[in-house]
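Shown next: start.tsv, containing TSV, C-alpha atoms.
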chain	number	residue	atom	x	y	z
A	1	MET	CA	28.12	-64.93	23.48
A	2	GLY	CA	27.31	-64.77	27.19
A	3	ALA	CA	29.41	-65.75	30.20
A	4	HIS	CA	27.70	-69.14	30.54
A	5	GLU	CA	28.36	-70.02	26.91
A	6	GLU	CA	31.98	-68.91	27.16
A	7	GLN	CA	32.45	-71.06	30.25
A	8	ARG	CA	31.00	-74.05	28.38
A	9	LEU	CA	33.45	-73.47	25.54
A	10	ARG	CA	36.32	-73.43	28.03
A	11	GLU	CA	35.08	-76.75	29.44
A	12	LEU	CA	34.82	-78.22	25.94
A	13	ARG	CA	38.35	-77.09	25.21
A	14	GLN	CA	39.74	-78.47	28.43
A	15	VAL	CA	38.14	-81.90	28.06
A	16	VAL	CA	40.01	-82.24	24.76
A	17	TYR	CA	43.35	-81.26	26.27
A	18	ARG	CA	42.91	-83.50	29.33
A	19	GLU	CA	42.24	-86.50	27.11
A	20	PHE	CA	45.24	-85.73	24.92
A	21	VAL	CA	47.52	-85.44	27.94
A	22	GLU	CA	46.26	-88.54	29.72
A	23	GLU	CA	45.46	-90.87	26.81
A	24	GLY	CA	47.55	-89.54	23.92
A	25	ARG	CA	44.44	-88.96	21.81
A	26	PRO	CA	41.43	-86.64	21.74
A	27	PRO	CA	38.02	-87.67	23.06
A	28	THR	CA	35.19	-88.47	20.70
A	29	ALA	CA	32.17	-86.21	20.85
A	30	ALA	CA	30.27	-88.94	22.71
A	31	GLU	CA	33.08	-89.27	25.27
A	32	ALA	CA	33.19	-85.52	25.81
A	33	ALA	CA	29.40	-85.42	26.18
A	34	ARG	CA	29.49	-88.10	28.89
A	35	ARG	CA	32.27	-86.34	30.78
A	36	LEU	CA	30.45	-83.01	30.74
A	37	GLN	CA	26.97	-84.54	31.05
A	38	ILE	CA	25.65	-82.70	28.02
A	39	GLY	CA	24.37	-83.76	24.62
A	40	VAL	CA	26.57	-84.75	21.69
A	41	GLU	CA	24.99	-82.03	19.57
A	42	GLU	CA	26.05	-79.40	22.14
A	43	VAL	CA	29.58	-80.78	22.09
A	44	LEU	CA	29.77	-80.63	18.29
A	45	ALA	CA	28.31	-77.12	18.21
A	46	GLY	CA	30.84	-75.96	20.81
A	47	TRP	CA	33.74	-77.60	19.05
A	48	GLY	CA	32.56	-75.90	15.86
A	49	HIS	CA	32.79	-72.50	17.57
A	50	LEU	CA	36.28	-73.34	18.87
A	51	HIS	CA	37.35	-74.49	15.40
A	52	ASP	CA	36.10	-71.25	13.85
A	53	ARG	CA	38.08	-69.30	16.47
A	54	HIS	CA	41.20	-71.36	15.67
A	55	VAL	CA	41.28	-72.79	19.19
A	56	LEU	CA	40.87	-76.40	18.01
A	57	VAL	CA	41.13	-77.99	14.56
A	58	LEU	CA	38.33	-80.32	13.50
A	59	ASP	CA	38.44	-82.94	10.77
A	60	HIS	CA	36.84	-82.31	7.39
A	61	ASP	CA	33.47	-83.57	8.63
A	62	ARG	CA	33.66	-81.31	11.71
A	63	VAL	CA	32.83	-84.20	14.03
A	64	GLY	CA	36.27	-85.19	15.33
A	65	ILE	CA	39.31	-83.40	16.73
A	66	ARG	CA	42.19	-83.28	14.24
A	67	MET	CA	44.54	-81.11	16.28
A	68	ALA	CA	44.60	-79.23	19.57
A	69	HIS	CA	47.95	-77.50	19.34
A	70	PRO	CA	50.49	-78.74	20.26
A	71	PHE	CA	48.86	-82.20	20.01
A	72	SER	CA	47.83	-84.04	16.86
A	73	ALA	CA	45.33	-86.88	16.58
A	74	THR	CA	47.27	-88.52	13.74
A	75	PRO	CA	50.97	-88.90	12.78
A	76	MET	CA	52.63	-85.73	11.45
A	77	HIS	CA	56.38	-86.49	11.26
A	78	PHE	CA	57.00	-86.17	15.03
A	79	VAL	CA	56.69	-88.63	17.90
A	80	VAL	CA	56.94	-87.13	21.38
A	81	ALA	CA	57.17	-89.34	24.45
A	82	SER	CA	57.43	-88.90	28.20
A	83	ALA	CA	58.00	-91.70	30.69
A	84	GLU	CA	54.22	-92.16	30.90
A	85	GLN	CA	52.72	-91.39	27.50
A	86	LYS	CA	53.32	-90.92	23.77
A	87	TRP	CA	51.87	-88.23	21.49
A	88	TRP	CA	51.97	-87.18	17.85
A	89	GLY	CA	53.57	-83.74	17.63
A	90	GLY	CA	52.09	-81.54	14.95
A	91	CYS	CA	55.48	-80.13	14.00
A	92	ALA	CA	58.88	-79.09	15.36
A	93	TRP	CA	57.31	-76.14	17.17
A	94	ASP	CA	54.54	-78.29	18.64
A	95	SER	CA	57.02	-80.90	19.83
A	96	PHE	CA	58.72	-78.31	22.01
A	97	GLY	CA	55.23	-77.09	22.84
A	98	ILE	CA	54.32	-80.46	24.35
A	99	MET	CA	57.44	-80.20	26.51
A	100	ALA	CA	56.42	-76.71	27.60
A	101	ALA	CA	52.74	-77.46	28.19
A	102	LEU	CA	53.57	-80.50	30.33
A	103	ASP	CA	56.62	-78.82	31.89
A	104	ARG	CA	58.55	-82.08	31.73
A	105	GLN	CA	61.29	-83.74	29.72
A	106	VAL	CA	60.17	-85.51	26.56
A	107	LEU	CA	61.93	-87.40	23.82
A	108	VAL	CA	61.34	-86.08	20.31
A	109	ALA	CA	61.84	-88.32	17.28
A	110	THR	CA	61.54	-87.28	13.64
A	111	THR	CA	63.49	-87.38	10.38
A	112	CYS	CA	65.60	-84.79	8.60
A	113	LEU	CA	63.65	-82.76	6.07
A	114	GLY	CA	66.58	-82.91	3.66
A	115	CYS	CA	68.25	-86.31	3.89
A	116	GLY	CA	65.62	-88.36	5.74
A	117	ARG	CA	68.01	-89.44	8.49
A	118	PRO	CA	66.34	-90.25	11.82
A	119	LEU	CA	66.76	-87.41	14.32
A	120	ALA	CA	66.19	-87.56	18.06
A	121	LEU	CA	66.63	-85.16	20.95
A	122	LEU	CA	65.73	-84.75	24.60
A	123	ALA	CA	63.55	-81.67	25.02
A	124	ASP	CA	64.06	-80.37	28.55
A	125	PRO	CA	62.12	-77.32	29.83
A	126	GLN	CA	65.12	-76.38	31.99
A	127	ALA	CA	67.73	-76.11	29.22
A	128	PRO	CA	67.81	-75.68	25.43
A	129	PRO	CA	68.93	-78.66	23.33
A	130	SER	CA	72.55	-78.89	22.23
A	131	GLU	CA	71.98	-80.58	18.87
A	132	PRO	CA	72.97	-78.55	15.79
A	133	TYR	CA	69.62	-79.12	14.06
A	134	VAL	CA	67.56	-76.33	12.53
A	135	ALA	CA	63.84	-75.91	11.95
A	136	HIS	CA	62.32	-74.87	8.64
A	137	PHE	CA	59.00	-73.01	8.31
A	138	LEU	CA	57.63	-73.21	4.80
A	139	VAL	CA	54.44	-71.15	5.17
A	140	PRO	CA	54.57	-67.48	6.30
A	141	ALA	CA	52.59	-66.47	9.39
A	142	SER	CA	50.00	-64.56	7.37
A	143	ARG	CA	48.96	-67.82	5.65
A	144	TRP	CA	49.12	-70.30	8.52
A	145	TRP	CA	45.37	-70.72	8.85
A	146	ASP	CA	44.69	-71.06	5.13
A	147	ASP	CA	45.37	-74.77	5.73
A	148	VAL	CA	46.73	-75.21	9.23
A	149	VAL	CA	47.38	-78.95	8.85
A	150	ARG	CA	49.55	-78.26	5.79
A	151	THR	CA	51.27	-75.47	7.69
A	152	CYS	CA	52.14	-77.75	10.59
A	153	SER	CA	53.20	-80.55	8.28
A	154	ASN	CA	55.81	-78.19	6.87
A	155	ILE	CA	57.47	-77.04	10.10
A	156	ARG	CA	60.21	-79.64	10.09
A	157	LEU	CA	63.66	-80.28	11.55
A	158	ALA	CA	66.78	-80.79	9.46
A	159	CYS	CA	70.34	-81.83	10.23
A	160	SER	CA	71.63	-78.43	9.15
A	161	ARG	CA	70.89	-75.33	7.11
A	162	ASP	CA	72.64	-76.95	4.14
A	163	HIS	CA	70.17	-79.83	4.21
A	164	VAL	CA	67.24	-77.41	4.13
A	165	GLU	CA	68.75	-75.54	1.19
A	166	ASP	CA	69.44	-78.81	-0.63
A	167	TRP	CA	65.79	-79.82	-0.09
A	168	ALA	CA	64.63	-76.45	-1.38
A	169	GLY	CA	66.67	-76.87	-4.54
A	170	GLY	CA	68.53	-73.61	-4.14
A	171	GLY	CA	65.65	-71.52	-2.83
A	172	GLY	CA	62.51	-70.24	-4.48
A	173	GLU	CA	59.08	-70.88	-2.97
A	174	ARG	CA	60.30	-73.96	-1.08
A	175	LEU	CA	62.72	-71.99	1.09
A	176	GLY	CA	60.83	-70.26	3.88
A	177	ALA	CA	62.41	-69.37	7.23
A	178	ILE	CA	65.21	-71.30	8.94
A	179	VAL	CA	65.30	-71.13	12.74
A	180	ASP	CA	67.99	-72.45	15.08
A	181	LEU	CA	67.03	-75.08	17.64
A	182	GLY	CA	67.56	-72.84	20.66
A	183	THR	CA	65.07	-70.33	19.30
A	184	MET	CA	62.58	-73.11	18.60
A	185	TRP	CA	62.93	-74.26	22.19
A	186	ARG	CA	62.30	-70.74	23.50
A	187	LEU	CA	59.36	-70.27	21.14
A	188	GLY	CA	57.80	-73.51	22.36
A	189	LYS	CA	58.14	-72.42	25.98
A	190	VAL	CA	56.73	-68.94	25.47
A	191	TRP	CA	53.90	-70.02	23.19
A	192	TYR	CA	52.68	-73.17	24.91
A	193	GLY	CA	53.71	-72.81	28.56
A	194	ASP	CA	50.15	-71.97	29.67
A	195	ARG	CA	48.27	-73.96	27.03
A	196	LEU	CA	46.79	-76.43	29.54
A	197	HIS	CA	45.66	-73.73	31.98
A	198	ASP	CA	41.93	-73.18	32.39
A	199	ASP	CA	42.39	-69.44	31.87
A	200	HIS	CA	44.55	-69.72	28.75
A	201	ARG	CA	43.87	-66.89	26.30
A	202	ARG	CA	44.87	-66.87	22.68
A	203	ARG	CA	47.18	-64.08	21.60
A	204	THR	CA	46.05	-61.35	19.30
A	205	PRO	CA	47.96	-61.02	16.01
A	206	GLY	CA	49.81	-58.01	17.41
A	207	GLU	CA	50.80	-59.92	20.54
A	208	ALA	CA	51.95	-62.87	18.44
A	209	THR	CA	54.10	-60.67	16.22
A	210	ALA	CA	55.63	-59.12	19.34
A	211	VAL	CA	56.55	-62.57	20.69
A	212	PHE	CA	58.28	-63.43	17.43
A	213	ALA	CA	60.16	-60.14	17.44
A	214	GLU	CA	61.40	-60.71	21.00
A	215	LEU	CA	62.96	-63.94	19.77
A	216	GLY	CA	64.56	-62.28	16.76
A	217	LEU	CA	61.94	-63.52	14.30
A	218	THR	CA	61.15	-60.37	12.36
A	219	GLY	CA	60.20	-59.25	8.89
A	220	PRO	CA	57.24	-59.96	6.60
A	221	PHE	CA	57.49	-63.74	7.05
A	222	TRP	CA	56.64	-63.44	10.76
A	223	THR	CA	54.02	-60.69	10.62
A	224	MET	CA	50.57	-61.89	11.61
A	225	PRO	CA	47.62	-60.55	9.62
A	226	ASP	CA	45.05	-58.11	10.93
A	227	PRO	CA	42.17	-60.12	12.46
A	228	ALA	CA	39.64	-58.30	10.32
A	229	ALA	CA	41.42	-59.62	7.24
A	230	ALA	CA	42.37	-63.20	8.07
A	231	GLY	CA	41.57	-64.27	11.61
A	232	GLU	CA	43.77	-64.55	14.65
A	233	GLY	CA	47.07	-66.29	15.22
A	234	ARG	CA	47.96	-69.90	15.85

Let me see the structure of the file written as structure tokens.
Amino acid sequence: MGAHEEQRLRELRQVVYREFVEEGRPPTAAEAARRLQIGVEEVLAGWGHLHDRHVLVLDHDRVGIRMAHPFSATPMHFVVASAEQKWWGGCAWDSFGIMAALDRQVLVATTCLGCGRPLALLADPQAPPSEPYVAHFLVPASRWWDDVVRTCSNIRLACSRDHVEDWAGGGGERLGAIVDLGTMWRLGKVWYGDRLHDDHRRRTPGEATAVFAELGLTGPFWTMPDPAAAGEGR
């Protein structure tokens, strides 16, 4: 793909993120076409390329935006709000990602994975949260893009490690990786801090694995697959 086509893809990506930030929702293909003064078919073709590259997530019909990490077009357990706008966070990670991408304080509301109790926290880019909550990742990194919506739906917060273990019924396939809230905050900042920049570049699997390792997230659960085998990282 040539330089002109790559620039168009960047513009198609950015129009989605601008709409999410300003309106709390993604643009329709017709809205994006009007903003960029191109045809709807060109928008859909470009979004299709971005979906296949794991830059955006389209709906099943490939005509609407389902997710543009860290934003979701529909409810997914997390509500994130600033003083000006409200968004659906795709997951615990994405909720801190919205904080990081906007570089502003946001309120995060969700429920405990284990007991269902309402949980709330102030996510501040200047300081990690003090709450004793933990995050649970069900799906290992090598399988995230098998069904990315399912993956995000299963990155949840819980009151404590005990509540995650109770939910998992003692372990087995339902017990993935448990991460403390401070690490989740740092992961959100590192991963999403430049997400709204025009020159944002997705990490390679090796770069992603290195980020996880720097935060103490190591082992097979956090190892990204080779791109030749299963595509790039989140």

Distance of CA of Leu56 (chain A) from CA of Arg195 (chain A), expressed in Å to one decimal place: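 Calculated distance between CA of Arg195 (chain A) and CA of Leu56 (chain A) is 11.9 Å.
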
Nearest-residue call for Cys152 (chain A), choices A:Val57, A:Cys112, A:Ala81, A:Leu175, using only C-alpha atoms: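 Checking each candidate against Cys152 (chain A), we get A:Val57 as the closest.
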
Residue with smallest distance to Ser160 (chain A) - pool A:Gly2, A:Pro132, A:Gly90, A:Pro140, counting all atoms listed in the file: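 Residue with the minimum atom-to-atom distance to Ser160 (chain A): A:Pro132.
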
Just the residues within 12 Å of region 115-120 of chain A, please, counting only C-alpha atoms, with nothing from its chain fewer than 6 positions along; format it as a PDB file with C-alpha atoms, in the coordinates of the input.
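Result file part25.pdb:
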ATOM      1  CA  HIS A  77      56.380 -86.490  11.260  1.00  0.00           C
ATOM      2  CA  PHE A  78      57.000 -86.170  15.030  1.00  0.00           C
ATOM      3  CA  VAL A  79      56.690 -88.630  17.900  1.00  0.00           C
ATOM      4  CA  VAL A  80      56.940 -87.130  21.380  1.00  0.00           C
ATOM      5  CA  ALA A  81      57.170 -89.340  24.450  1.00  0.00           C
ATOM      6  CA  ALA A  92      58.880 -79.090  15.360  1.00  0.00           C
ATOM      7  CA  SER A  95      57.020 -80.900  19.830  1.00  0.00           C
ATOM      8  CA  VAL A 106      60.170 -85.510  26.560  1.00  0.00           C
ATOM      9  CA  LEU A 107      61.930 -87.400  23.820  1.00  0.00           C
ATOM     10  CA  VAL A 108      61.340 -86.080  20.310  1.00  0.00           C
ATOM     11  CA  ALA A 109      61.840 -88.320  17.280  1.00  0.00           C
ATOM     12  CA  PRO A 129      68.930 -78.660  23.330  1.00  0.00           C
ATOM     13  CA  SER A 130      72.550 -78.890  22.230  1.00  0.00           C
ATOM     14  CA  GLU A 131      71.980 -80.580  18.870  1.00  0.00           C
ATOM     15  CA  PRO A 132      72.970 -78.550  15.790  1.00  0.00           C
ATOM     16  CA  TYR A 133      69.620 -79.120  14.060  1.00  0.00           C
ATOM     17  CA  VAL A 134      67.560 -76.330  12.530  1.00  0.00           C
ATOM     18  CA  ARG A 156      60.210 -79.640  10.090  1.00  0.00           C
ATOM     19  CA  LEU A 157      63.660 -80.280  11.550  1.00  0.00           C
ATOM     20  CA  ALA A 158      66.780 -80.790   9.460  1.00  0.00           C
ATOM     21  CA  CYS A 159      70.340 -81.830  10.230  1.00  0.00           C
ATOM     22  CA  SER A 160      71.630 -78.430   9.150  1.00  0.00           C
ATOM     23  CA  ARG A 161      70.890 -75.330   7.110  1.00  0.00           C
ATOM     24  CA  ASP A 162      72.640 -76.950   4.140  1.00  0.00           C
ATOM     25  CA  HIS A 163      70.170 -79.830   4.210  1.00  0.00           C
ATOM     26  CA  VAL A 164      67.240 -77.410   4.130  1.00  0.00           C
ATOM     27  CA  GLU A 165      68.750 -75.540   1.190  1.00  0.00           C
ATOM     28  CA  ASP A 166      69.440 -78.810  -0.630  1.00  0.00           C
ATOM     29  CA  TRP A 167      65.790 -79.820  -0.090  1.00  0.00           C
ATOM     30  CA  ALA A 168      64.630 -76.450  -1.380  1.00  0.00           C
TER      31      ALA A 168
END

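Pairwise distance (CA of Leu50 (chain A), CA of Thr218 (chain A)) equals 28.8 Å.
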
Interatomic distance (Å, one decimal) between CA of Arg62 (chain A) and CA of Gly97 (chain A):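 Calculated distance between CA of Arg62 (chain A) and CA of Gly97 (chain A) is 24.6 Å.
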
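Counting only C-alpha atoms and comparing A:Arg174, A:Trp87, A:Pro205, A:Ser72, the residue that lies closest to Gly114 (chain A) is A:Arg174.
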
Nearest to Arg10 (chain A), chosen from A:Leu196, A:Ala127, A:Leu138, A:Met99, with all atoms listed in the file counted in the distances: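 Selected residue with least distance to Arg10 (chain A): A:Leu196.
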
Residue nearest Phe20 (chain A) - candidates A:Ala101, A:Leu36, A:Cys91, A:Ala3, atoms counted: all atoms listed in the file: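 With all atoms listed in the file as the atom set, the closest residue is A:Ala101.
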
Sphere at (35.5, -89.6, 22.3), radius 12 Å, counting only C-alpha atoms: residues as a ChimeraX atom specification: /A:12,15-16,18-20,23,25-36,40,43-44,63-65,73

Set the distance at 10 Å and use only C-alpha atoms: which residues neighbour Glu42 (chain A) once local chain neighbours fewer than 3 positions away are removed? I'd like the list as an mmCIF file with C-alpha atoms, keeping the file's coordinate frame.
data_model
loop_
_atom_site.group_PDB
_atom_site.id
_atom_site.type_symbol
_atom_site.label_atom_id
_atom_site.label_comp_id
_atom_site.auth_asym_id
_atom_site.auth_seq_id
_atom_site.Cartn_x
_atom_site.Cartn_y
_atom_site.Cartn_z
ATOM 1 C CA ARG A 8 31.000 -74.050 28.380
ATOM 2 C CA LEU A 12 34.820 -78.220 25.940
ATOM 3 C CA ALA A 29 32.170 -86.210 20.850
ATOM 4 C CA ALA A 33 29.400 -85.420 26.180
ATOM 5 C CA ILE A 38 25.650 -82.700 28.020
ATOM 6 C CA GLY A 39 24.370 -83.760 24.620
ATOM 7 C CA ALA A 45 28.310 -77.120 18.210
ATOM 8 C CA GLY A 46 30.840 -75.960 20.810
ATOM 9 C CA TRP A 47 33.740 -77.600 19.050
ATOM 10 C CA GLY A 48 32.560 -75.900 15.860
#

Residues near region 210-214 of chain A, cut-off 12 Å, all atoms listed in the file, skip fewer than 4 positions along chain, as a ChimeraX atom specification: /A:141,179,183-184,186-191,203-206,218-224,233

With C-alpha atoms retained, could you export that selection as a PDB file, in the coordinates of the input?
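What landed in selection29.pdb:
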ATOM      1  CA  ALA A 141      52.590 -66.470   9.390  1.00  0.00           C
ATOM      2  CA  VAL A 179      65.300 -71.130  12.740  1.00  0.00           C
ATOM      3  CA  THR A 183      65.070 -70.330  19.300  1.00  0.00           C
ATOM      4  CA  MET A 184      62.580 -73.110  18.600  1.00  0.00           C
ATOM      5  CA  ARG A 186      62.300 -70.740  23.500  1.00  0.00           C
ATOM      6  CA  LEU A 187      59.360 -70.270  21.140  1.00  0.00           C
ATOM      7  CA  GLY A 188      57.800 -73.510  22.360  1.00  0.00           C
ATOM      8  CA  LYS A 189      58.140 -72.420  25.980  1.00  0.00           C
ATOM      9  CA  VAL A 190      56.730 -68.940  25.470  1.00  0.00           C
ATOM     10  CA  TRP A 191      53.900 -70.020  23.190  1.00  0.00           C
ATOM     11  CA  ARG A 203      47.180 -64.080  21.600  1.00  0.00           C
ATOM     12  CA  THR A 204      46.050 -61.350  19.300  1.00  0.00           C
ATOM     13  CA  PRO A 205      47.960 -61.020  16.010  1.00  0.00           C
ATOM     14  CA  GLY A 206      49.810 -58.010  17.410  1.00  0.00           C
ATOM     15  CA  THR A 218      61.150 -60.370  12.360  1.00  0.00           C
ATOM     16  CA  GLY A 219      60.200 -59.250   8.890  1.00  0.00           C
ATOM     17  CA  PRO A 220      57.240 -59.960   6.600  1.00  0.00           C
ATOM     18  CA  PHE A 221      57.490 -63.740   7.050  1.00  0.00           C
ATOM     19  CA  TRP A 222      56.640 -63.440  10.760  1.00  0.00           C
ATOM     20  CA  THR A 223      54.020 -60.690  10.620  1.00  0.00           C
ATOM     21  CA  MET A 224      50.570 -61.890  11.610  1.00  0.00           C
ATOM     22  CA  GLY A 233      47.070 -66.290  15.220  1.00  0.00           C
TER      23      GLY A 233
END

Shortest interatomic distance to Thr209 (chain A) - which of A:Ser142, A:His197, A:Ala123, A:Ala177, counting all atoms listed in the file: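 Checking each candidate against Thr209 (chain A), we get A:Ser142 as the closest.
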
Near Val139 (chain A), within 7 Å and counting only C-alpha atoms, which residues show up once chain neighbours fewer than 3 positions away are dropped, as a PDB file with C-alpha atoms, in the frame of the given file?
ATOM      1  CA  ARG A 143      48.960 -67.820   5.650  1.00  0.00           C
ATOM      2  CA  TRP A 144      49.120 -70.300   8.520  1.00  0.00           C
ATOM      3  CA  THR A 151      51.270 -75.470   7.690  1.00  0.00           C
ATOM      4  CA  GLY A 176      60.830 -70.260   3.880  1.00  0.00           C
TER       5      GLY A 176
END
